[in-house]
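Source file: run-v7.txt (compact mmCIF, N, CA, C and O atoms)
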```txt
# COMPACT_ATOMS: atom_id res chain seq x y z
N MET A 20 -9.07 22.83 87.16
CA MET A 20 -7.92 22.44 86.35
C MET A 20 -6.62 23.11 86.82
O MET A 20 -5.60 22.92 86.22
N LYS A 21 -6.70 23.90 87.88
CA LYS A 21 -5.49 24.57 88.39
C LYS A 21 -4.56 23.55 89.02
O LYS A 21 -4.99 22.61 89.66
N LYS A 22 -3.26 23.76 88.83
CA LYS A 22 -2.27 22.87 89.41
C LYS A 22 -2.26 22.96 90.94
O LYS A 22 -2.23 21.96 91.63
N ASP A 23 -2.27 24.19 91.45
CA ASP A 23 -2.23 24.42 92.89
C ASP A 23 -3.62 24.76 93.40
O ASP A 23 -4.27 25.67 92.90
N TYR A 24 -4.10 24.03 94.38
CA TYR A 24 -5.36 24.29 95.06
C TYR A 24 -6.57 24.31 94.13
O TYR A 24 -7.34 25.28 94.09
N PRO A 25 -6.80 23.27 93.36
CA PRO A 25 -7.96 23.24 92.47
C PRO A 25 -9.28 23.17 93.26
O PRO A 25 -9.32 22.67 94.37
N ASN A 26 -10.33 23.71 92.66
CA ASN A 26 -11.69 23.65 93.20
C ASN A 26 -11.87 24.34 94.54
O ASN A 26 -12.73 23.97 95.33
N LEU A 27 -11.05 25.35 94.82
CA LEU A 27 -11.19 26.12 96.05
C LEU A 27 -11.41 27.59 95.72
O LEU A 27 -11.02 28.06 94.65
N LEU A 28 -12.03 28.31 96.65
CA LEU A 28 -12.18 29.75 96.48
C LEU A 28 -10.83 30.42 96.69
O LEU A 28 -10.03 30.00 97.51
N ASP A 29 -10.60 31.51 95.95
CA ASP A 29 -9.35 32.24 96.07
C ASP A 29 -9.63 33.71 95.79
O ASP A 29 -10.73 34.08 95.38
N ILE A 30 -8.64 34.51 95.97
CA ILE A 30 -8.72 35.92 95.62
C ILE A 30 -9.06 36.03 94.14
O ILE A 30 -8.53 35.28 93.32
N THR A 31 -9.95 36.96 93.78
CA THR A 31 -10.41 37.07 92.39
C THR A 31 -9.28 37.36 91.42
O THR A 31 -9.13 36.71 90.40
N ALA A 32 -8.48 38.36 91.71
CA ALA A 32 -7.40 38.74 90.81
C ALA A 32 -6.12 38.83 91.63
O ALA A 32 -6.03 39.61 92.56
N ALA A 33 -5.15 38.02 91.28
CA ALA A 33 -3.91 37.99 92.06
C ALA A 33 -2.73 37.74 91.14
O ALA A 33 -2.88 37.12 90.09
N GLY A 34 -1.60 38.23 91.53
CA GLY A 34 -0.41 38.00 90.72
C GLY A 34 0.83 38.32 91.52
O GLY A 34 0.77 38.73 92.68
N HIS A 35 1.94 38.14 90.89
CA HIS A 35 3.22 38.40 91.53
C HIS A 35 3.78 39.73 91.05
O HIS A 35 3.63 40.09 89.88
N LEU A 36 4.40 40.45 91.97
CA LEU A 36 5.02 41.72 91.64
C LEU A 36 6.50 41.50 91.34
O LEU A 36 7.15 40.70 92.01
N LEU A 37 7.01 42.20 90.36
CA LEU A 37 8.43 42.17 90.06
C LEU A 37 9.18 43.01 91.08
O LEU A 37 8.58 43.84 91.78
N ALA A 38 10.46 42.81 91.20
CA ALA A 38 11.26 43.47 92.23
C ALA A 38 11.15 44.99 92.17
O ALA A 38 11.17 45.66 93.20
N HIS A 39 10.99 45.56 90.98
CA HIS A 39 10.94 47.02 90.84
C HIS A 39 9.52 47.58 90.95
O HIS A 39 9.31 48.79 90.89
N GLU A 40 8.51 46.72 91.16
CA GLU A 40 7.13 47.17 91.20
C GLU A 40 6.66 47.45 92.63
O GLU A 40 7.22 46.94 93.59
N THR A 41 5.62 48.26 92.71
CA THR A 41 4.97 48.54 93.99
C THR A 41 3.61 47.85 94.01
O THR A 41 3.14 47.36 92.98
N VAL A 42 2.97 47.82 95.16
CA VAL A 42 1.69 47.14 95.30
C VAL A 42 0.66 47.70 94.32
O VAL A 42 -0.12 46.96 93.73
N ASP A 43 0.67 49.01 94.09
CA ASP A 43 -0.33 49.59 93.19
C ASP A 43 -0.14 49.16 91.74
O ASP A 43 -1.08 49.25 90.93
N ASP A 44 1.02 48.63 91.37
CA ASP A 44 1.21 48.07 90.02
C ASP A 44 0.40 46.79 89.85
O ASP A 44 0.13 46.37 88.72
N GLY A 45 0.00 46.18 90.93
CA GLY A 45 -0.74 44.93 90.87
C GLY A 45 -2.15 45.05 90.33
O GLY A 45 -2.77 44.04 90.01
N VAL A 46 -2.67 46.28 90.18
CA VAL A 46 -4.04 46.42 89.65
C VAL A 46 -4.15 45.90 88.22
O VAL A 46 -5.24 45.59 87.76
N ARG A 47 -3.03 45.75 87.54
CA ARG A 47 -3.07 45.20 86.17
C ARG A 47 -3.68 43.80 86.16
O ARG A 47 -4.29 43.38 85.19
N GLU A 48 -3.51 43.07 87.28
CA GLU A 48 -4.06 41.71 87.36
C GLU A 48 -5.59 41.72 87.29
O GLU A 48 -6.18 40.76 86.81
N ILE A 49 -6.21 42.78 87.78
CA ILE A 49 -7.67 42.87 87.73
C ILE A 49 -8.13 42.91 86.28
O ILE A 49 -9.05 42.20 85.88
N LYS A 50 -7.46 43.73 85.48
CA LYS A 50 -7.80 43.83 84.06
C LYS A 50 -7.51 42.51 83.35
O LYS A 50 -8.32 42.02 82.56
N GLU A 51 -6.36 41.90 83.63
CA GLU A 51 -5.96 40.66 82.96
C GLU A 51 -6.88 39.49 83.32
O GLU A 51 -7.27 38.72 82.46
N GLU A 52 -7.24 39.36 84.59
CA GLU A 52 -7.97 38.18 85.04
C GLU A 52 -9.48 38.36 85.10
O GLU A 52 -10.22 37.39 84.98
N ALA A 53 -9.95 39.62 85.27
CA ALA A 53 -11.39 39.84 85.39
C ALA A 53 -11.96 40.70 84.27
O ALA A 53 -13.17 40.81 84.13
N GLY A 54 -11.07 41.35 83.49
CA GLY A 54 -11.52 42.10 82.32
C GLY A 54 -12.11 43.46 82.58
O GLY A 54 -12.74 44.04 81.71
N ILE A 55 -11.91 44.01 83.78
CA ILE A 55 -12.38 45.37 84.06
C ILE A 55 -11.21 46.23 84.51
O ILE A 55 -10.28 45.74 85.14
N GLY A 56 -11.26 47.50 84.18
CA GLY A 56 -10.22 48.43 84.60
C GLY A 56 -10.56 49.04 85.95
O GLY A 56 -11.67 49.53 86.15
N VAL A 57 -9.61 49.01 86.86
CA VAL A 57 -9.79 49.56 88.20
C VAL A 57 -8.52 50.34 88.55
O VAL A 57 -7.42 49.86 88.29
N SER A 58 -8.69 51.52 89.12
CA SER A 58 -7.51 52.26 89.57
C SER A 58 -7.23 51.93 91.03
O SER A 58 -8.14 51.54 91.79
N PHE A 59 -5.98 52.07 91.43
CA PHE A 59 -5.56 51.70 92.77
C PHE A 59 -6.34 52.47 93.84
O PHE A 59 -6.68 51.92 94.89
N ASP A 60 -6.65 53.75 93.57
CA ASP A 60 -7.34 54.55 94.58
C ASP A 60 -8.81 54.16 94.76
O ASP A 60 -9.46 54.64 95.68
N GLU A 61 -9.34 53.26 93.93
CA GLU A 61 -10.70 52.75 94.11
C GLU A 61 -10.73 51.55 95.07
O GLU A 61 -11.81 51.09 95.43
N LEU A 62 -9.58 51.05 95.45
CA LEU A 62 -9.50 49.85 96.28
C LEU A 62 -9.44 50.21 97.76
O LEU A 62 -8.84 51.21 98.16
N VAL A 63 -10.06 49.37 98.57
CA VAL A 63 -10.07 49.55 100.03
C VAL A 63 -9.13 48.50 100.62
O VAL A 63 -9.39 47.30 100.51
N PRO A 64 -8.01 48.95 101.23
CA PRO A 64 -7.06 47.96 101.76
C PRO A 64 -7.59 47.23 102.98
O PRO A 64 -8.17 47.82 103.88
N LEU A 65 -7.41 45.90 102.98
CA LEU A 65 -7.79 45.07 104.12
C LEU A 65 -6.59 44.62 104.94
O LEU A 65 -6.74 44.14 106.05
N GLY A 66 -5.40 44.74 104.35
CA GLY A 66 -4.20 44.35 105.05
C GLY A 66 -3.40 43.33 104.26
O GLY A 66 -3.68 43.04 103.10
N ILE A 67 -2.40 42.79 104.92
CA ILE A 67 -1.50 41.81 104.29
C ILE A 67 -1.70 40.47 104.99
O ILE A 67 -1.68 40.38 106.21
N ILE A 68 -1.91 39.46 104.18
CA ILE A 68 -2.08 38.11 104.71
C ILE A 68 -0.81 37.33 104.40
O ILE A 68 -0.40 37.22 103.23
N GLU A 69 -0.15 36.83 105.45
CA GLU A 69 1.03 35.99 105.27
C GLU A 69 0.58 34.54 105.20
O GLU A 69 -0.22 34.10 106.02
N TYR A 70 1.12 33.82 104.23
CA TYR A 70 0.72 32.43 104.04
C TYR A 70 1.95 31.61 103.71
O TYR A 70 2.80 32.03 102.93
N GLN A 71 2.04 30.43 104.31
CA GLN A 71 3.15 29.52 104.01
C GLN A 71 2.64 28.09 104.10
O GLN A 71 1.89 27.74 104.99
N GLN A 72 3.04 27.29 103.14
CA GLN A 72 2.69 25.87 103.16
C GLN A 72 3.87 25.07 102.63
O GLN A 72 4.50 25.45 101.64
N THR A 73 4.15 23.97 103.30
CA THR A 73 5.23 23.08 102.87
C THR A 73 4.66 21.69 102.64
O THR A 73 3.98 21.15 103.51
N LYS A 74 4.89 21.16 101.47
CA LYS A 74 4.53 19.78 101.13
C LYS A 74 5.79 19.12 100.63
O LYS A 74 6.76 19.80 100.30
N GLU A 75 5.81 17.83 100.51
CA GLU A 75 6.97 17.04 100.09
C GLU A 75 8.09 17.86 99.44
O GLU A 75 9.06 18.20 100.07
N ASP A 76 7.98 18.20 98.18
CA ASP A 76 9.04 18.95 97.49
C ASP A 76 8.56 20.33 97.07
O ASP A 76 9.01 20.89 96.08
N PHE A 77 7.63 20.90 97.84
CA PHE A 77 6.99 22.15 97.47
C PHE A 77 6.92 23.06 98.68
O PHE A 77 6.35 22.71 99.70
N ILE A 78 7.56 24.23 98.59
CA ILE A 78 7.49 25.23 99.65
C ILE A 78 6.87 26.48 99.02
O ILE A 78 7.37 26.99 98.02
N TYR A 79 5.80 26.95 99.62
CA TYR A 79 5.10 28.10 99.09
C TYR A 79 5.01 29.16 100.17
O TYR A 79 4.50 28.90 101.26
N LYS A 80 5.52 30.36 99.87
CA LYS A 80 5.46 31.48 100.80
C LYS A 80 4.86 32.67 100.06
O LYS A 80 5.25 32.95 98.93
N GLU A 81 3.95 33.37 100.74
CA GLU A 81 3.25 34.46 100.07
C GLU A 81 2.93 35.56 101.06
O GLU A 81 2.60 35.30 102.21
N LEU A 82 3.04 36.79 100.59
CA LEU A 82 2.52 37.95 101.30
C LEU A 82 1.47 38.54 100.37
O LEU A 82 1.80 39.08 99.31
N ALA A 83 0.21 38.41 100.73
CA ALA A 83 -0.87 38.88 99.86
C ALA A 83 -1.43 40.19 100.39
O ALA A 83 -1.96 40.25 101.50
N ASN A 84 -1.27 41.24 99.60
CA ASN A 84 -1.92 42.51 99.89
C ASN A 84 -3.36 42.38 99.40
O ASN A 84 -3.59 42.22 98.21
N VAL A 85 -4.31 42.45 100.32
CA VAL A 85 -5.70 42.18 99.99
C VAL A 85 -6.52 43.47 100.05
O VAL A 85 -6.39 44.26 100.98
N PHE A 86 -7.36 43.65 99.02
CA PHE A 86 -8.18 44.84 98.90
C PHE A 86 -9.61 44.45 98.57
O PHE A 86 -9.86 43.39 98.00
N LEU A 87 -10.54 45.33 98.88
CA LEU A 87 -11.92 45.22 98.44
C LEU A 87 -12.16 46.25 97.34
O LEU A 87 -11.55 47.31 97.35
N TYR A 88 -13.05 45.91 96.45
CA TYR A 88 -13.47 46.83 95.40
C TYR A 88 -14.99 46.84 95.36
O TYR A 88 -15.60 45.81 95.08
N GLU A 89 -15.59 47.96 95.72
CA GLU A 89 -17.05 48.06 95.66
C GLU A 89 -17.43 48.33 94.21
O GLU A 89 -17.02 49.33 93.62
N SER A 90 -18.20 47.43 93.66
CA SER A 90 -18.49 47.46 92.23
C SER A 90 -19.97 47.53 91.95
O SER A 90 -20.77 46.86 92.61
N ALA A 91 -20.31 48.31 90.93
CA ALA A 91 -21.69 48.35 90.44
C ALA A 91 -21.82 47.47 89.19
O ALA A 91 -22.86 47.44 88.56
N HIS A 92 -20.74 46.76 88.84
CA HIS A 92 -20.74 45.91 87.66
C HIS A 92 -21.66 44.71 87.84
O HIS A 92 -21.80 44.19 88.94
N SER A 93 -22.25 44.29 86.74
CA SER A 93 -22.97 43.01 86.75
C SER A 93 -21.98 41.93 86.34
O SER A 93 -20.90 42.23 85.81
N PHE A 94 -22.34 40.68 86.55
CA PHE A 94 -21.44 39.59 86.16
C PHE A 94 -21.15 39.62 84.67
O PHE A 94 -20.08 39.19 84.23
N ASP A 95 -22.06 40.13 83.86
CA ASP A 95 -21.86 40.19 82.41
C ASP A 95 -20.76 41.17 82.01
O ASP A 95 -20.23 41.10 80.91
N ASP A 96 -20.40 42.11 82.90
CA ASP A 96 -19.35 43.09 82.60
C ASP A 96 -17.95 42.49 82.70
O ASP A 96 -16.99 43.08 82.22
N PHE A 97 -17.83 41.34 83.33
CA PHE A 97 -16.51 40.73 83.54
C PHE A 97 -16.19 39.77 82.40
O PHE A 97 -17.05 39.04 81.92
N THR A 98 -14.93 39.79 81.99
CA THR A 98 -14.41 38.83 81.02
C THR A 98 -13.29 38.08 81.72
O THR A 98 -12.20 38.62 81.93
N LEU A 99 -13.57 36.86 82.13
CA LEU A 99 -12.61 36.10 82.94
C LEU A 99 -11.55 35.44 82.08
O LEU A 99 -11.84 34.92 81.01
N GLN A 100 -10.32 35.48 82.56
CA GLN A 100 -9.20 34.79 81.91
C GLN A 100 -9.29 33.32 82.33
O GLN A 100 -9.00 32.98 83.48
N PRO A 101 -9.69 32.43 81.42
CA PRO A 101 -9.99 31.04 81.82
C PRO A 101 -8.80 30.28 82.40
O PRO A 101 -9.00 29.37 83.20
N GLU A 102 -7.59 30.66 82.06
CA GLU A 102 -6.42 29.98 82.63
C GLU A 102 -6.22 30.32 84.10
O GLU A 102 -5.53 29.60 84.83
N GLU A 103 -6.80 31.43 84.54
CA GLU A 103 -6.59 31.89 85.91
C GLU A 103 -7.86 31.90 86.76
O GLU A 103 -7.79 31.74 87.96
N VAL A 104 -9.01 32.14 86.13
CA VAL A 104 -10.26 32.30 86.89
C VAL A 104 -11.34 31.44 86.25
O VAL A 104 -11.70 31.65 85.10
N SER A 105 -11.86 30.48 86.99
CA SER A 105 -12.90 29.61 86.42
C SER A 105 -14.29 30.17 86.66
O SER A 105 -15.25 29.78 86.00
N GLY A 106 -14.44 31.10 87.60
CA GLY A 106 -15.73 31.68 87.86
C GLY A 106 -15.66 32.65 89.02
O GLY A 106 -14.64 32.76 89.70
N MET A 107 -16.73 33.40 89.19
CA MET A 107 -16.81 34.34 90.30
C MET A 107 -18.15 34.13 91.01
O MET A 107 -19.13 33.73 90.38
N VAL A 108 -18.16 34.41 92.29
CA VAL A 108 -19.38 34.31 93.09
C VAL A 108 -19.55 35.60 93.87
O VAL A 108 -18.60 36.36 94.07
N LYS A 109 -20.77 35.82 94.31
CA LYS A 109 -21.09 37.00 95.10
C LYS A 109 -21.51 36.53 96.49
O LYS A 109 -22.28 35.58 96.62
N VAL A 110 -20.96 37.18 97.51
CA VAL A 110 -21.28 36.81 98.88
C VAL A 110 -21.43 38.09 99.71
O VAL A 110 -20.74 39.09 99.45
N VAL A 111 -22.33 38.07 100.67
CA VAL A 111 -22.48 39.20 101.59
C VAL A 111 -21.18 39.35 102.38
O VAL A 111 -20.64 38.35 102.89
N LEU A 112 -20.67 40.57 102.47
CA LEU A 112 -19.37 40.80 103.10
C LEU A 112 -19.32 40.28 104.53
O LEU A 112 -18.35 39.63 104.92
N ASN A 113 -20.35 40.51 105.32
CA ASN A 113 -20.34 40.01 106.71
C ASN A 113 -20.29 38.48 106.75
O ASN A 113 -19.64 37.90 107.62
N ASP A 114 -20.98 37.83 105.81
CA ASP A 114 -20.93 36.37 105.75
C ASP A 114 -19.53 35.89 105.40
O ASP A 114 -19.03 34.92 105.98
N PHE A 115 -18.89 36.57 104.45
CA PHE A 115 -17.52 36.20 104.09
C PHE A 115 -16.57 36.38 105.27
O PHE A 115 -15.72 35.54 105.53
N GLU A 116 -16.75 37.47 106.01
CA GLU A 116 -15.89 37.72 107.17
C GLU A 116 -16.02 36.59 108.19
O GLU A 116 -15.03 36.12 108.75
N GLU A 117 -17.24 36.11 108.40
CA GLU A 117 -17.45 35.01 109.33
C GLU A 117 -16.79 33.72 108.84
O GLU A 117 -16.22 32.97 109.62
N LEU A 118 -16.84 33.49 107.54
CA LEU A 118 -16.16 32.33 106.96
C LEU A 118 -14.66 32.47 107.13
O LEU A 118 -13.97 31.54 107.53
N TRP A 119 -14.14 33.63 106.80
CA TRP A 119 -12.69 33.89 106.86
C TRP A 119 -12.15 33.74 108.27
O TRP A 119 -11.09 33.17 108.49
N THR A 120 -12.89 34.25 109.26
CA THR A 120 -12.40 34.21 110.64
C THR A 120 -12.67 32.88 111.31
O THR A 120 -12.19 32.63 112.41
N GLY A 121 -13.47 32.03 110.66
CA GLY A 121 -13.73 30.70 111.20
C GLY A 121 -14.94 30.61 112.11
O GLY A 121 -15.23 29.55 112.66
N SER A 122 -15.66 31.72 112.29
CA SER A 122 -16.86 31.63 113.12
C SER A 122 -18.01 30.91 112.39
O SER A 122 -18.96 30.47 113.03
N GLU A 123 -17.91 30.79 111.08
CA GLU A 123 -18.84 29.98 110.27
C GLU A 123 -18.00 29.09 109.34
O GLU A 123 -16.90 29.47 108.95
N ASP A 124 -18.53 27.93 109.01
CA ASP A 124 -17.78 27.03 108.12
C ASP A 124 -18.36 26.97 106.72
O ASP A 124 -17.87 26.22 105.87
N LYS A 125 -19.43 27.75 106.45
CA LYS A 125 -19.98 27.82 105.11
C LYS A 125 -20.75 29.12 104.94
O LYS A 125 -21.16 29.75 105.93
N VAL A 126 -20.93 29.54 103.70
CA VAL A 126 -21.70 30.75 103.37
C VAL A 126 -22.57 30.46 102.17
O VAL A 126 -22.29 29.56 101.37
N ASN A 127 -23.64 31.24 102.03
CA ASN A 127 -24.46 31.17 100.84
C ASN A 127 -23.85 32.06 99.76
O ASN A 127 -23.48 33.20 100.03
N ILE A 128 -23.75 31.51 98.55
CA ILE A 128 -23.23 32.29 97.42
C ILE A 128 -24.21 32.21 96.27
O ILE A 128 -25.05 31.33 96.22
```
When written as structure tokens, how does the structure in this file appear?
Amino acid sequence: MKKDYPNLLDITAAGHLLAHETVDDGVREIKEEAGIGVSFDELVPLGIIEYQQTKEDFIYKELANVFLYESAHSFDDFTLQPEEVSGMVKVVLNDFEELWTGSEDKVNI
């Protein structure tokens, strides 16, 4: 039901930072969208992904600071914000890396 990019996998918790905020202020999105509290120092930085797409009357530019969070939580521990997250899946990290880099075109979830 998402307006942009429906029915596709995306970052679990993502949001926009205000001009006066730093990247570590973004952890609030994890609580809002996934229902668990995480501190910034628990995250493992993967880097920044630059993304741009232009369609008819739509220009989208993004710098996504991407992190991993090693979690002992079960799926029952998460409370998803239905307007933002329709579900979560679990994938082996190496399998995801192969999907992300394009060496594989599908993964088991």
Can you tell me, as a JSON list (two decimals) with N, CA, C and O atoms, keeping the file's coordinate frame, what residues are no more than 6 Å from Thr31 in chain A when counting only N, CA, C and O atoms, ignoring any on the same chain fewer than 2 positions away?
```
[["chain", "number", "residue", "atom", "x", "y", "z"],
["A", 29, "ASP", "N", -10.60, 31.51, 95.95],
["A", 29, "ASP", "CA", -9.35, 32.24, 96.07],
["A", 29, "ASP", "C", -9.63, 33.71, 95.79],
["A", 29, "ASP", "O", -10.73, 34.08, 95.38],
["A", 33, "ALA", "N", -5.15, 38.02, 91.28],
["A", 33, "ALA", "CA", -3.91, 37.99, 92.06],
["A", 33, "ALA", "C", -2.73, 37.74, 91.14],
["A", 33, "ALA", "O", -2.88, 37.12, 90.09],
["A", 52, "GLU", "N", -7.24, 39.36, 84.59],
["A", 52, "GLU", "CA", -7.97, 38.18, 85.04],
["A", 52, "GLU", "C", -9.48, 38.36, 85.10],
["A", 52, "GLU", "O", -10.22, 37.39, 84.98],
["A", 53, "ALA", "N", -9.95, 39.62, 85.27],
["A", 53, "ALA", "CA", -11.39, 39.84, 85.39],
["A", 53, "ALA", "C", -11.96, 40.70, 84.27],
["A", 53, "ALA", "O", -13.17, 40.81, 84.13],
["A", 103, "GLU", "N", -6.80, 31.43, 84.54],
["A", 103, "GLU", "CA", -6.59, 31.89, 85.91],
["A", 103, "GLU", "C", -7.86, 31.90, 86.76],
["A", 103, "GLU", "O", -7.79, 31.74, 87.96],
["A", 104, "VAL", "N", -9.01, 32.14, 86.13],
["A", 104, "VAL", "CA", -10.26, 32.30, 86.89],
["A", 104, "VAL", "C", -11.34, 31.44, 86.25],
["A", 104, "VAL", "O", -11.70, 31.65, 85.10]]
```
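Here CA of Ile128 in chain A and CA of Val108 in chain A stand 6.1 Å from one another.
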Q: Would you work out the distance separating atom C of Val57 in chain A from atom C of Val110 in chain A, expressed in Å to one decimal?
A: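 Separation of atom C of Val57 in chain A and atom C of Val110 in chain A: 21.0 Å.
Around Glu69 in chain A, within 7 Å and counting only N, CA, C and O atoms, the residues found are Ile67, Gln71, Lys80, Glu81, Leu82 and Ala83 of chain A, once anything fewer than 2 positions away on its own chain is removed.
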Q) Could you pull out all residues of chain A with a DSSP call of strand (DSSP E) and give them as a list in words? A) Val63, Pro64, Leu65, Gly66, Ile67, Ile68, Glu69, Tyr70, Gln71, Gln72, Thr73, Lys74, Phe77, Ile78, Tyr79, Lys80, Glu81, Leu82, Ala83, Asn84, Val85, Phe86 and Leu87 of chain A
DSSP-assigned alpha helix (DSSP H) among range 44-97 of chain A, expressed as a PDB file with N, CA, C and O atoms, in the frame of the given file:
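Final output, selection-v9.pdb:
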```pdb
ATOM      1  N   ARG A  47      -3.030  45.750  87.540  1.00  0.00           N
ATOM      2  CA  ARG A  47      -3.070  45.200  86.170  1.00  0.00           C
ATOM      3  C   ARG A  47      -3.680  43.800  86.160  1.00  0.00           C
ATOM      4  O   ARG A  47      -4.290  43.380  85.190  1.00  0.00           O
ATOM      5  N   GLU A  48      -3.510  43.070  87.280  1.00  0.00           N
ATOM      6  CA  GLU A  48      -4.060  41.710  87.360  1.00  0.00           C
ATOM      7  C   GLU A  48      -5.590  41.720  87.290  1.00  0.00           C
ATOM      8  O   GLU A  48      -6.180  40.760  86.810  1.00  0.00           O
ATOM      9  N   ILE A  49      -6.210  42.780  87.780  1.00  0.00           N
ATOM     10  CA  ILE A  49      -7.670  42.870  87.730  1.00  0.00           C
ATOM     11  C   ILE A  49      -8.130  42.910  86.280  1.00  0.00           C
ATOM     12  O   ILE A  49      -9.050  42.200  85.880  1.00  0.00           O
ATOM     13  N   LYS A  50      -7.460  43.730  85.480  1.00  0.00           N
ATOM     14  CA  LYS A  50      -7.800  43.830  84.060  1.00  0.00           C
ATOM     15  C   LYS A  50      -7.510  42.510  83.350  1.00  0.00           C
ATOM     16  O   LYS A  50      -8.320  42.020  82.560  1.00  0.00           O
ATOM     17  N   GLU A  51      -6.360  41.900  83.630  1.00  0.00           N
ATOM     18  CA  GLU A  51      -5.960  40.660  82.960  1.00  0.00           C
ATOM     19  C   GLU A  51      -6.880  39.490  83.320  1.00  0.00           C
ATOM     20  O   GLU A  51      -7.270  38.720  82.460  1.00  0.00           O
ATOM     21  N   GLU A  52      -7.240  39.360  84.590  1.00  0.00           N
ATOM     22  CA  GLU A  52      -7.970  38.180  85.040  1.00  0.00           C
ATOM     23  C   GLU A  52      -9.480  38.360  85.100  1.00  0.00           C
ATOM     24  O   GLU A  52     -10.220  37.390  84.980  1.00  0.00           O
ATOM     25  N   ALA A  53      -9.950  39.620  85.270  1.00  0.00           N
ATOM     26  CA  ALA A  53     -11.390  39.840  85.390  1.00  0.00           C
ATOM     27  C   ALA A  53     -11.960  40.700  84.270  1.00  0.00           C
ATOM     28  O   ALA A  53     -13.170  40.810  84.130  1.00  0.00           O
TER      29      ALA A  53
END
```
Let me have the centre and edge lengths in Å, one decimal, of the box along x, y and z around every listed atom of range 37-47 of chain A with 4 Å of margin on each side, as lines of an AutoDock Vina configuration file.
```
center_x = 3.0
center_y = 45.9
center_z = 90.2
size_x = 24.5
size_y = 15.4
size_z = 18.1
```
**Q.** Computed interatomic separation between atom N of Val85 in chain A and atom N of Lys125 in chain A (Å)
**A.**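 If I compute the distance from atom N of Val85 in chain A to atom N of Lys125 in chain A, I get 22.0 Å.
Among A:Asp124, A:Glu117, A:Asp60, A:Glu48, the residue with the shortest atom-to-atom distance to His35 in chain A, counting only C-alpha atoms, is A:Glu48.
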Q: Between A:Asp43, A:Leu62, A:Leu36, A:Glu51, single out the one closest to Gln100 in chain A, counting only C-alpha atoms.
A: A:Glu51
Q) Which residues, written as a ChimeraX atom specification, have at least one atom at most 10 Å from Ser58 in chain A, with only C-alpha atoms counted and residues fewer than 5 positions away on the same chain left out? A) /A:43-44,46-47,49,88
Let me see the file: selected residues, N, CA, C and O atoms, as a PDB file, keeping the file's coordinate frame.
```
ATOM      1  N   ASP A  43       0.670  49.010  94.090  1.00  0.00           N
ATOM      2  CA  ASP A  43      -0.330  49.590  93.190  1.00  0.00           C
ATOM      3  C   ASP A  43      -0.140  49.160  91.740  1.00  0.00           C
ATOM      4  O   ASP A  43      -1.080  49.250  90.930  1.00  0.00           O
ATOM      5  N   ASP A  44       1.020  48.630  91.370  1.00  0.00           N
ATOM      6  CA  ASP A  44       1.210  48.070  90.020  1.00  0.00           C
ATOM      7  C   ASP A  44       0.400  46.790  89.850  1.00  0.00           C
ATOM      8  O   ASP A  44       0.130  46.370  88.720  1.00  0.00           O
ATOM      9  N   VAL A  46      -2.670  46.280  90.180  1.00  0.00           N
ATOM     10  CA  VAL A  46      -4.040  46.420  89.650  1.00  0.00           C
ATOM     11  C   VAL A  46      -4.150  45.900  88.220  1.00  0.00           C
ATOM     12  O   VAL A  46      -5.240  45.590  87.760  1.00  0.00           O
ATOM     13  N   ARG A  47      -3.030  45.750  87.540  1.00  0.00           N
ATOM     14  CA  ARG A  47      -3.070  45.200  86.170  1.00  0.00           C
ATOM     15  C   ARG A  47      -3.680  43.800  86.160  1.00  0.00           C
ATOM     16  O   ARG A  47      -4.290  43.380  85.190  1.00  0.00           O
ATOM     17  N   ILE A  49      -6.210  42.780  87.780  1.00  0.00           N
ATOM     18  CA  ILE A  49      -7.670  42.870  87.730  1.00  0.00           C
ATOM     19  C   ILE A  49      -8.130  42.910  86.280  1.00  0.00           C
ATOM     20  O   ILE A  49      -9.050  42.200  85.880  1.00  0.00           O
ATOM     21  N   TYR A  88     -13.050  45.910  96.450  1.00  0.00           N
ATOM     22  CA  TYR A  88     -13.470  46.830  95.400  1.00  0.00           C
ATOM     23  C   TYR A  88     -14.990  46.840  95.360  1.00  0.00           C
ATOM     24  O   TYR A  88     -15.600  45.810  95.080  1.00  0.00           O
TER      25      TYR A  88
END
```
**Q.** Non-local contacts of Leu87 in chain A (6 Å; all atoms listed in the file; under 6 positions in same chain excluded) as a list in words
**A.**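 The neighbour list is Glu61, Leu62, Val63, Pro64 and Leu65 of chain A.
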